[in-house]
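A.B. asks: My structure is in start-v2.cif, and what it holds is mmCIF, C-alpha atoms; chains and numbers go by the auth columns:
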data_run
#
loop_
_atom_site.group_PDB
_atom_site.id
_atom_site.type_symbol
_atom_site.label_atom_id
_atom_site.label_comp_id
_atom_site.label_asym_id
_atom_site.label_seq_id
_atom_site.Cartn_x
_atom_site.Cartn_y
_atom_site.Cartn_z
_atom_site.B_iso_or_equiv
_atom_site.auth_seq_id
_atom_site.auth_asym_id
ATOM 1 C CA MET A 1 29.153 -29.509 57.581 0.00 6 D
ATOM 2 C CA SER A 2 32.486 -30.218 55.926 0.00 7 D
ATOM 3 C CA LYS A 3 32.406 -32.675 53.066 0.00 8 D
ATOM 4 C CA PRO A 4 34.433 -35.871 53.718 0.00 9 D
ATOM 5 C CA ASN A 5 37.708 -36.204 51.864 0.00 10 D
ATOM 6 C CA ASN A 6 37.243 -32.721 50.305 0.00 11 D
ATOM 7 C CA LEU A 7 34.448 -34.070 48.116 0.00 12 D
ATOM 8 C CA LYS A 8 33.473 -31.666 45.323 0.00 13 D
ATOM 9 C CA VAL A 9 29.781 -32.060 44.540 0.00 14 D
ATOM 10 C CA LEU A 10 28.728 -30.697 41.132 0.00 15 D
ATOM 11 C CA TYR A 11 25.034 -31.658 41.228 0.00 16 D
ATOM 12 C CA GLU A 12 22.694 -33.611 43.470 0.00 17 D
ATOM 13 C CA ASP A 13 19.004 -34.410 43.825 0.00 18 D
ATOM 14 C CA ASN A 14 16.970 -37.302 45.207 0.00 19 D
ATOM 15 C CA HIS A 15 18.062 -39.708 42.461 0.00 20 D
ATOM 16 C CA ILE A 16 21.608 -38.886 41.327 0.00 21 D
ATOM 17 C CA ILE A 17 24.710 -37.095 42.523 0.00 22 D
ATOM 18 C CA ALA A 18 27.607 -35.856 40.370 0.00 23 D
ATOM 19 C CA VAL A 19 31.060 -35.243 41.832 0.00 24 D
ATOM 20 C CA ASN A 20 34.322 -33.893 40.489 0.00 25 D
ATOM 21 C CA LYS A 21 36.765 -36.779 40.836 0.00 26 D
ATOM 22 C CA ARG A 22 40.368 -35.916 41.597 0.00 27 D
ATOM 23 C CA SER A 23 43.120 -37.845 39.837 0.00 28 D
ATOM 24 C CA SER A 24 44.034 -39.418 43.193 0.00 29 D
ATOM 25 C CA ASP A 25 40.525 -40.776 43.861 0.00 30 D
ATOM 26 C CA ILE A 26 39.851 -44.454 43.263 0.00 31 D
ATOM 27 C CA VAL A 27 36.517 -45.506 41.760 0.00 32 D
ATOM 28 C CA GLN A 28 36.646 -49.239 42.431 0.00 33 D
ATOM 29 C CA SER A 29 38.615 -51.301 44.956 0.00 34 D
ATOM 30 C CA ASP A 30 42.096 -52.448 43.999 0.00 35 D
ATOM 31 C CA ILE A 31 45.215 -53.838 45.659 0.00 36 D
ATOM 32 C CA SER A 32 45.967 -50.432 47.220 0.00 37 D
ATOM 33 C CA GLY A 33 43.116 -50.873 49.682 0.00 38 D
ATOM 34 C CA ASP A 34 42.343 -47.149 49.460 0.00 39 D
ATOM 35 C CA THR A 35 38.818 -45.948 50.244 0.00 40 D
ATOM 36 C CA THR A 36 36.724 -45.784 47.084 0.00 41 D
ATOM 37 C CA LEU A 37 35.012 -42.602 45.954 0.00 42 D
ATOM 38 C CA CYS A 38 31.687 -44.437 46.194 0.00 43 D
ATOM 39 C CA GLU A 39 32.256 -44.898 49.932 0.00 44 D
ATOM 40 C CA VAL A 40 33.130 -41.217 50.307 0.00 45 D
ATOM 41 C CA VAL A 41 29.925 -40.212 48.493 0.00 46 D
ATOM 42 C CA ARG A 42 27.896 -42.656 50.606 0.00 47 D
ATOM 43 C CA GLN A 43 29.272 -41.149 53.816 0.00 48 D
ATOM 44 C CA TYR A 44 28.594 -37.615 52.554 0.00 49 D
ATOM 45 C CA ILE A 45 24.933 -38.471 51.860 0.00 50 D
ATOM 46 C CA LYS A 46 24.554 -40.299 55.175 0.00 51 D
ATOM 47 C CA VAL A 47 25.848 -37.329 57.168 0.00 52 D
ATOM 48 C CA LYS A 48 24.194 -34.541 55.168 0.00 53 D
ATOM 49 C CA TYR A 49 20.738 -36.090 55.224 0.00 54 D
ATOM 50 C CA ASN A 50 21.118 -37.772 58.619 0.00 55 D
ATOM 51 C CA LYS A 51 20.241 -41.175 57.199 0.00 56 D
ATOM 52 C CA PRO A 52 20.182 -44.108 59.626 0.00 57 D
ATOM 53 C CA GLY A 53 21.460 -47.533 58.608 0.00 58 D
ATOM 54 C CA LYS A 54 23.081 -48.331 55.264 0.00 59 D
ATOM 55 C CA THR A 55 22.868 -45.600 52.618 0.00 60 D
ATOM 56 C CA PHE A 56 22.341 -46.649 49.004 0.00 61 D
ATOM 57 C CA THR A 57 24.908 -45.308 46.536 0.00 62 D
ATOM 58 C CA GLY A 58 25.105 -46.981 43.119 0.00 63 D
ATOM 59 C CA THR A 59 28.053 -46.736 40.753 0.00 64 D
ATOM 60 C CA ILE A 60 26.724 -45.723 37.329 0.00 65 D
ATOM 61 C CA HIS A 61 30.002 -45.567 35.370 0.00 66 D
ATOM 62 C CA ARG A 62 33.737 -45.432 35.973 0.00 67 D
ATOM 63 C CA ILE A 63 36.805 -43.463 34.952 0.00 68 D
ATOM 64 C CA ASP A 64 40.416 -44.514 35.439 0.00 69 D
ATOM 65 C CA ARG A 65 42.201 -43.640 38.686 0.00 70 D
ATOM 66 C CA PRO A 66 44.723 -41.175 37.149 0.00 71 D
ATOM 67 C CA VAL A 67 41.899 -39.363 35.316 0.00 72 D
ATOM 68 C CA SER A 68 39.928 -36.481 36.842 0.00 73 D
ATOM 69 C CA GLY A 69 36.466 -35.105 36.159 0.00 74 D
ATOM 70 C CA VAL A 70 32.732 -35.562 36.415 0.00 75 D
ATOM 71 C CA LEU A 71 31.490 -38.870 37.800 0.00 76 D
ATOM 72 C CA LEU A 72 27.885 -39.904 38.427 0.00 77 D
ATOM 73 C CA TYR A 73 26.428 -41.969 41.253 0.00 78 D
ATOM 74 C CA ALA A 74 22.837 -43.020 41.845 0.00 79 D
ATOM 75 C CA ARG A 75 20.974 -42.402 45.085 0.00 80 D
ATOM 76 C CA THR A 76 18.080 -44.725 44.207 0.00 81 D
ATOM 77 C CA THR A 77 17.794 -48.106 42.498 0.00 82 D
ATOM 78 C CA LYS A 78 15.461 -46.520 39.935 0.00 83 D
ATOM 79 C CA GLY A 79 18.057 -43.879 39.101 0.00 84 D
ATOM 80 C CA LEU A 80 20.789 -46.513 38.890 0.00 85 D
ATOM 81 C CA SER A 81 18.968 -48.893 36.535 0.00 86 D
ATOM 82 C CA ARG A 82 17.778 -46.124 34.235 0.00 87 D
ATOM 83 C CA MET A 83 21.176 -44.428 34.034 0.00 88 D
ATOM 84 C CA ILE A 84 22.977 -47.720 33.347 0.00 89 D
ATOM 85 C CA SER A 85 20.499 -48.359 30.539 0.00 90 D
ATOM 86 C CA MET A 86 21.131 -44.881 29.111 0.00 91 D
ATOM 87 C CA PHE A 87 24.883 -45.442 29.094 0.00 92 D
ATOM 88 C CA LYS A 88 24.393 -48.826 27.428 0.00 93 D
ATOM 89 C CA ASN A 89 22.159 -47.286 24.750 0.00 94 D
ATOM 90 C CA ARG A 90 24.627 -44.417 24.173 0.00 95 D
ATOM 91 C CA GLU A 91 22.148 -41.788 25.324 0.00 96 D
ATOM 92 C CA VAL A 92 24.790 -39.994 27.400 0.00 97 D
ATOM 93 C CA GLN A 93 27.159 -37.504 25.744 0.00 98 D
ATOM 94 C CA LYS A 94 30.594 -37.315 27.371 0.00 99 D
ATOM 95 C CA THR A 95 33.236 -34.691 26.642 0.00 100 D
ATOM 96 C CA TYR A 96 36.854 -35.112 27.710 0.00 101 D
ATOM 97 C CA TRP A 97 39.863 -32.811 27.639 0.00 102 D
ATOM 98 C CA ALA A 98 43.350 -34.138 26.986 0.00 103 D
ATOM 99 C CA VAL A 99 46.816 -32.586 26.861 0.00 104 D
ATOM 100 C CA VAL A 100 49.256 -34.274 24.486 0.00 105 D
ATOM 101 C CA LYS A 101 52.883 -33.634 23.534 0.00 106 D
ATOM 102 C CA ASN A 102 52.587 -34.423 19.819 0.00 107 D
ATOM 103 C CA ALA A 103 50.089 -33.019 17.350 0.00 108 D
ATOM 104 C CA PRO A 104 47.484 -35.535 16.119 0.00 109 D
ATOM 105 C CA PRO A 105 47.410 -36.315 12.375 0.00 110 D
ATOM 106 C CA LYS A 106 44.507 -33.911 11.740 0.00 111 D
ATOM 107 C CA SER A 107 43.110 -30.842 13.499 0.00 112 D
ATOM 108 C CA GLU A 108 39.886 -32.796 13.973 0.00 113 D
ATOM 109 C CA ASP A 109 38.777 -36.286 13.042 0.00 114 D
ATOM 110 C CA ARG A 110 36.429 -39.165 13.732 0.00 115 D
ATOM 111 C CA VAL A 111 38.450 -42.247 14.650 0.00 116 D
ATOM 112 C CA VAL A 112 37.138 -45.807 14.441 0.00 117 D
ATOM 113 C CA ASN A 113 39.405 -48.642 15.505 0.00 118 D
ATOM 114 C CA TYR A 114 39.217 -52.000 17.275 0.00 119 D
ATOM 115 C CA LEU A 115 40.495 -52.435 20.814 0.00 120 D
ATOM 116 C CA ILE A 116 41.595 -55.582 22.555 0.00 121 D
ATOM 117 C CA LYS A 117 42.279 -55.665 26.277 0.00 122 D
ATOM 118 C CA ASN A 118 45.214 -57.453 27.867 0.00 123 D
ATOM 119 C CA GLU A 119 43.963 -58.322 31.354 0.00 124 D
ATOM 120 C CA LYS A 120 47.414 -59.206 32.711 0.00 125 D
ATOM 121 C CA VAL A 121 48.855 -55.732 32.134 0.00 126 D
ATOM 122 C CA ASN A 122 45.515 -53.860 32.271 0.00 127 D
ATOM 123 C CA LYS A 123 46.080 -52.254 28.894 0.00 128 D
ATOM 124 C CA SER A 124 44.188 -52.005 25.605 0.00 129 D
ATOM 125 C CA TYR A 125 45.684 -52.115 22.129 0.00 130 D
ATOM 126 C CA ALA A 126 44.200 -50.430 19.061 0.00 131 D
ATOM 127 C CA HIS A 127 43.948 -52.159 15.689 0.00 132 D
ATOM 128 C CA ASP A 128 42.759 -50.898 12.307 0.00 133 D
ATOM 129 C CA LYS A 129 40.672 -53.988 11.531 0.00 134 D
ATOM 130 C CA PRO A 130 38.259 -56.276 13.404 0.00 135 D
ATOM 131 C CA GLY A 131 39.560 -59.515 14.886 0.00 136 D
ATOM 132 C CA ASP A 132 39.022 -62.067 17.632 0.00 137 D
ATOM 133 C CA GLY A 133 38.377 -60.357 20.936 0.00 138 D
ATOM 134 C CA ARG A 134 38.539 -56.878 19.432 0.00 139 D
ATOM 135 C CA LYS A 135 35.756 -54.389 20.180 0.00 140 D
ATOM 136 C CA GLU A 136 34.822 -51.534 17.897 0.00 141 D
ATOM 137 C CA SER A 137 35.728 -48.132 19.313 0.00 142 D
ATOM 138 C CA GLU A 138 34.668 -44.730 18.033 0.00 143 D
ATOM 139 C CA LEU A 139 35.468 -41.194 19.118 0.00 144 D
ATOM 140 C CA TYR A 140 35.707 -37.683 17.716 0.00 145 D
ATOM 141 C CA TYR A 141 38.524 -35.289 18.591 0.00 146 D
ATOM 142 C CA ARG A 142 39.502 -31.751 17.707 0.00 147 D
ATOM 143 C CA VAL A 143 42.453 -29.542 18.567 0.00 148 D
ATOM 144 C CA VAL A 144 41.249 -26.650 20.725 0.00 149 D
ATOM 145 C CA GLY A 145 44.611 -24.900 21.012 0.00 150 D
ATOM 146 C CA LYS A 146 48.301 -25.314 21.780 0.00 151 D
ATOM 147 C CA SER A 147 50.976 -24.005 24.107 0.00 152 D
ATOM 148 C CA ASP A 148 54.713 -23.874 23.473 0.00 153 D
ATOM 149 C CA HIS A 149 55.078 -27.606 24.039 0.00 154 D
ATOM 150 C CA TYR A 150 51.609 -29.200 24.162 0.00 155 D
ATOM 151 C CA TYR A 151 48.367 -29.558 22.240 0.00 156 D
ATOM 152 C CA PHE A 152 44.920 -29.329 23.830 0.00 157 D
ATOM 153 C CA LEU A 153 42.298 -31.762 22.562 0.00 158 D
ATOM 154 C CA GLU A 154 38.554 -32.010 23.091 0.00 159 D
ATOM 155 C CA ILE A 155 37.328 -35.592 22.752 0.00 160 D
ATOM 156 C CA LYS A 156 33.804 -36.960 22.465 0.00 161 D
ATOM 157 C CA PRO A 157 33.728 -40.764 22.734 0.00 162 D
ATOM 158 C CA LYS A 158 30.783 -42.540 21.173 0.00 163 D
ATOM 159 C CA THR A 159 31.633 -45.923 22.657 0.00 164 D
ATOM 160 C CA GLY A 160 32.905 -46.677 26.167 0.00 165 D
ATOM 161 C CA ARG A 161 35.705 -49.192 25.801 0.00 166 D
ATOM 162 C CA HIS A 162 38.467 -49.945 28.288 0.00 167 D
ATOM 163 C CA HIS A 163 41.110 -47.179 28.133 0.00 168 D
ATOM 164 C CA GLN A 164 39.522 -46.075 24.847 0.00 169 D
ATOM 165 C CA ILE A 165 40.795 -42.480 24.719 0.00 170 D
ATOM 166 C CA ARG A 166 44.231 -43.376 26.064 0.00 171 D
ATOM 167 C CA ALA A 167 44.770 -46.255 23.623 0.00 172 D
ATOM 168 C CA THR A 168 43.364 -44.367 20.626 0.00 173 D
ATOM 169 C CA LEU A 169 45.475 -41.251 21.139 0.00 174 D
ATOM 170 C CA ALA A 170 48.559 -43.425 21.630 0.00 175 D
ATOM 171 C CA SER A 171 47.791 -45.190 18.338 0.00 176 D
ATOM 172 C CA LEU A 172 47.703 -41.767 16.641 0.00 177 D
ATOM 173 C CA GLY A 173 51.192 -40.987 17.939 0.00 178 D
ATOM 174 C CA CYS A 174 50.068 -38.503 20.593 0.00 179 D
ATOM 175 C CA PRO A 175 49.925 -40.181 24.016 0.00 180 D
ATOM 176 C CA ILE A 176 48.464 -38.179 26.881 0.00 181 D
ATOM 177 C CA LYS A 177 50.891 -36.227 29.054 0.00 182 D
ATOM 178 C CA GLY A 178 51.937 -38.340 32.037 0.00 183 D
ATOM 179 C CA ASP A 179 50.490 -41.573 30.646 0.00 184 D
ATOM 180 C CA ILE A 180 53.610 -43.740 30.549 0.00 185 D
ATOM 181 C CA LYS A 181 51.476 -46.871 30.132 0.00 186 D
ATOM 182 C CA TYR A 182 50.549 -45.587 26.684 0.00 187 D
ATOM 183 C CA GLY A 183 53.815 -44.060 25.553 0.00 188 D
ATOM 184 C CA ALA A 184 54.394 -40.809 27.459 0.00 189 D
ATOM 185 C CA LYS A 185 58.071 -40.331 28.239 0.00 190 D
ATOM 186 C CA ARG A 186 57.626 -39.368 31.880 0.00 191 D
ATOM 187 C CA THR A 187 55.028 -39.415 34.638 0.00 192 D
ATOM 188 C CA ASN A 188 53.362 -36.397 36.188 0.00 193 D
ATOM 189 C CA ASP A 189 54.546 -35.510 39.687 0.00 194 D
ATOM 190 C CA ASN A 190 51.177 -36.375 41.258 0.00 195 D
ATOM 191 C CA ALA A 191 50.747 -39.663 39.336 0.00 196 D
ATOM 192 C CA SER A 192 47.882 -38.160 37.312 0.00 197 D
ATOM 193 C CA ILE A 193 47.575 -38.102 33.556 0.00 198 D
ATOM 194 C CA HIS A 194 46.324 -35.048 31.679 0.00 199 D
ATOM 195 C CA LEU A 195 42.910 -36.488 30.834 0.00 200 D
ATOM 196 C CA HIS A 196 39.836 -34.838 32.319 0.00 201 D
ATOM 197 C CA ALA A 197 36.161 -35.782 32.066 0.00 202 D
ATOM 198 C CA ARG A 198 35.025 -32.237 31.387 0.00 203 D
ATOM 199 C CA LYS A 199 31.299 -32.541 30.727 0.00 204 D
ATOM 200 C CA ILE A 200 28.403 -34.984 30.701 0.00 205 D
ATOM 201 C CA GLU A 201 24.988 -34.389 29.127 0.00 206 D
ATOM 202 C CA PHE A 202 21.863 -36.542 29.392 0.00 207 D
ATOM 203 C CA ILE A 203 18.135 -36.578 30.048 0.00 208 D
ATOM 204 C CA HIS A 204 17.453 -36.896 33.766 0.00 209 D
ATOM 205 C CA PRO A 205 16.237 -40.483 34.375 0.00 210 D
ATOM 206 C CA VAL A 206 13.250 -39.352 36.472 0.00 211 D
ATOM 207 C CA LYS A 207 12.639 -35.630 35.882 0.00 212 D
ATOM 208 C CA LYS A 208 13.135 -36.015 32.097 0.00 213 D
ATOM 209 C CA GLU A 209 14.944 -32.684 31.942 0.00 214 D
ATOM 210 C CA VAL A 210 18.187 -32.067 30.038 0.00 215 D
ATOM 211 C CA LEU A 211 21.173 -32.032 32.389 0.00 216 D
ATOM 212 C CA CYS A 212 24.602 -30.689 31.464 0.00 217 D
ATOM 213 C CA ILE A 213 27.179 -31.070 34.217 0.00 218 D
ATOM 214 C CA VAL A 214 30.613 -29.452 33.830 0.00 219 D
ATOM 215 C CA ALA A 215 33.647 -30.262 35.987 0.00 220 D
ATOM 216 C CA PRO A 216 36.434 -27.687 36.478 0.00 221 D
ATOM 217 C CA PRO A 217 39.895 -29.250 36.002 0.00 222 D
ATOM 218 C CA GLN A 218 42.402 -29.446 38.835 0.00 223 D
ATOM 219 C CA GLU A 219 44.721 -26.512 39.427 0.00 224 D
ATOM 220 C CA ASP A 220 47.544 -26.870 36.943 0.00 225 D
ATOM 221 C CA PRO A 221 49.245 -24.466 34.486 0.00 226 D
ATOM 222 C CA LEU A 222 48.320 -26.563 31.454 0.00 227 D
ATOM 223 C CA TRP A 223 44.680 -26.914 32.480 0.00 228 D
ATOM 224 C CA SER A 224 44.594 -23.156 33.083 0.00 229 D
ATOM 225 C CA ALA A 225 45.872 -22.579 29.557 0.00 230 D
ATOM 226 C CA PHE A 226 43.249 -25.010 28.209 0.00 231 D
ATOM 227 C CA LEU A 227 40.529 -23.094 30.075 0.00 232 D
ATOM 228 C CA GLU A 228 41.647 -19.853 28.432 0.00 233 D
ATOM 229 C CA PHE A 229 41.200 -21.338 24.966 0.00 234 D
ATOM 230 C CA ASP A 230 37.811 -22.728 25.950 0.00 235 D
ATOM 231 C CA GLN A 231 36.648 -19.380 27.331 0.00 236 D
ATOM 232 C CA LYS A 232 37.689 -17.633 24.127 0.00 237 D
ATOM 233 C CA GLU A 233 35.597 -20.090 22.123 0.00 238 D
ATOM 234 C CA GLN A 234 32.565 -19.422 24.304 0.00 239 D
ATOM 235 C CA LYS A 235 32.670 -15.686 23.596 0.00 240 D
#
Output the file's structure as structure tokens, nothing else.

C.D. replies:
Amino acid sequence: MSKPNNLKVLYEDNHIIAVNKRSSDIVQSDISGDTTLCEVVRQYIKVKYNKPGKTFTGTIHRIDRPVSGVLLYARTTKGLSRMISMFKNREVQKTYWAVVKNAPPKSEDRVVNYLIKNEKVNKSYAHDKPGDGRKESELYYRVVGKSDHYYFLEIKPKTGRHHQIRATLASLGCPIKGDIKYGAKRTNDNASIHLHARKIEFIHPVKKEVLCIVAPPQEDPLWSAFLEFDQKEQK
């Protein structure tokens, strides 16, 4: 059976399913009216397991439309409630990859700032100090390598704020390639930004086993170069 919409499934069992989101996939409905990834996953499950009636597929977390990478959905209400609780309690470790034009201030650092979201323009702004409406944000980054024109960063967010990685890197003077909303000079040809949800690690909500799910990046010369640095580190 062919997977609908070229769906790339990374992991699945009776309770959860992990897919590799493309930068063109939409996670939640917007003015575009495009089919959401949740609907694509629901149809995949319905067809594969020959399920009659409405198939349950619960959205556990979200990543921005121009971002690619691993995304989790729940196949049961038990899996959904437990996974949402784990995200809320920061029991899920996420690792992102980012490609930036400018070098960050340090080769690695823990960054704590305070983000405030502007709903009208769907953008967050980073501040050094707390204030009304500002939410504390924390992440760790390190430079994995560099090409002739770009730097490759591994990022591990501790909190899950709106546009957290994008706003934080912009505040450090190194906006993500293609992310014109946060200071990049030009867009990418496919409307993506070079931010990829590379890996997610957690204790399975039912089996209680450690799960580590890794998502290959989309085909792209810069992601290929990033992969080479990562493979060298693994040796």

A.B. asks: Using all atoms listed in the file, which residues sit within 6 Å of segment 69-80 of chain D once same-chain residues fewer than 3 positions away are excluded, as a PyMOL selection string?

C.D. replies: chain D and resi 20-28+31+61-65+84-85+197-198+200-203+220

A.B. asks: Applied to the shown file, which residues does the PyMOL selection byres ((chain D and resi 126-134) around 7) return, written as an MDAnalysis selection string?

C.D. replies: chainID D and resid 118:125 135:136 167:168 172:173 176

A.B. asks: For each of D:Ser152, D:Thr192, D:Gln236, D:Asn107, take the minimum atom-to-atom distance to Pro180 of chain D, counting only C-alpha atoms, then give the residue where this is smallest.

C.D. replies: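 Looking only at the distances to Pro180 of chain D, the closest residue turns out to be D:Asn107.
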
A.B. asks: What separation in Å, quoted to one decimal, exists between atom CA of Leu177 of chain D and atom CA of Asp30 of chain D?

C.D. replies: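 One can read the atom CA of Leu177 of chain D to atom CA of Asp30 of chain D distance as 28.2 Å.
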
A.B. asks: Between D:Lys99, D:Arg87, D:Arg139, D:Lys106, single out the one closest to Lys213 of chain D, counting only C-alpha atoms.

C.D. replies: D:Arg87

A.B. asks: So the first atom is atom CA of Leu42 of chain D and the second is atom CA of Ser86 of chain D; what is the distance between them in Å, to one decimal place?

C.D. replies: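 Between atom CA of Leu42 of chain D and atom CA of Ser86 of chain D the gap is 19.6 Å.
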
A.B. asks: What does the distance between atom CA of Leu227 of chain D and atom CA of Glu143 of chain D come to in Å, to one decimal place?

C.D. replies: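 Spanning atom CA of Leu227 of chain D to atom CA of Glu143 of chain D is a straight-line distance of 26.4 Å.
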
A.B. asks: I'd like to know which of D:Arg67, D:Lys163, D:Lys140, D:Lys93 is closest to Cys43 of chain D, using only C-alpha atoms.

C.D. replies: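 Smallest separation from Cys43 of chain D among the options: D:Arg67.
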
A.B. asks: Leaving out Val97 of chain D and any residue of its chain fewer than 4 positions from it, which residues lie within 8 Å of it when counting only C-alpha atoms, given as a list in words?

C.D. replies: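 Close residues of Val97 of chain D: Met91, Phe92, Ile205, Glu206, Phe207 and Ile208 of chain D.
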
A.B. asks: My list of candidates is D:Leu232, D:Ser29, D:Ala103, D:Tyr146. Which is closest to Ile181 of chain D when distances are computed with only C-alpha atoms?

C.D. replies: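 Selected residue with least distance to Ile181 of chain D: D:Ala103.
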
A.B. asks: Taking only C-alpha atoms into account, which of D:Arg47, D:Lys53, D:Val117, D:Gln98 comes nearest Leu216 of chain D?

C.D. replies: D:Gln98

A.B. asks: Which one of D:Ala196, D:Val105, D:Cys179, D:Ile218 sits closest to Tyr156 of chain D if you count all atoms listed in the file?

C.D. replies: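 Of all the options, D:Val105 lies closest to Tyr156 of chain D.
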
A.B. asks: Please put the answer as lines of an AutoDock Vina configuration file: centre and edge lengths, in Å with one decimal, of a box along x, y and z that encloses all listed atoms of segment 74-89 of chain D plus 6 Å on each side.

C.D. replies:
center_x = 26.0
center_y = -42.0
center_z = 39.2
size_x = 33.0
size_y = 25.8
size_z = 23.7

A.B. asks: Need to verify the contact set: Glu44 of chain D, 10 Å, all atoms listed in the file, exclusion of same-chain residues closer than 6 positions in sequence. Can you return it as a PyMOL selection string?

C.D. replies: chain D and resi 32-33+50+60+62
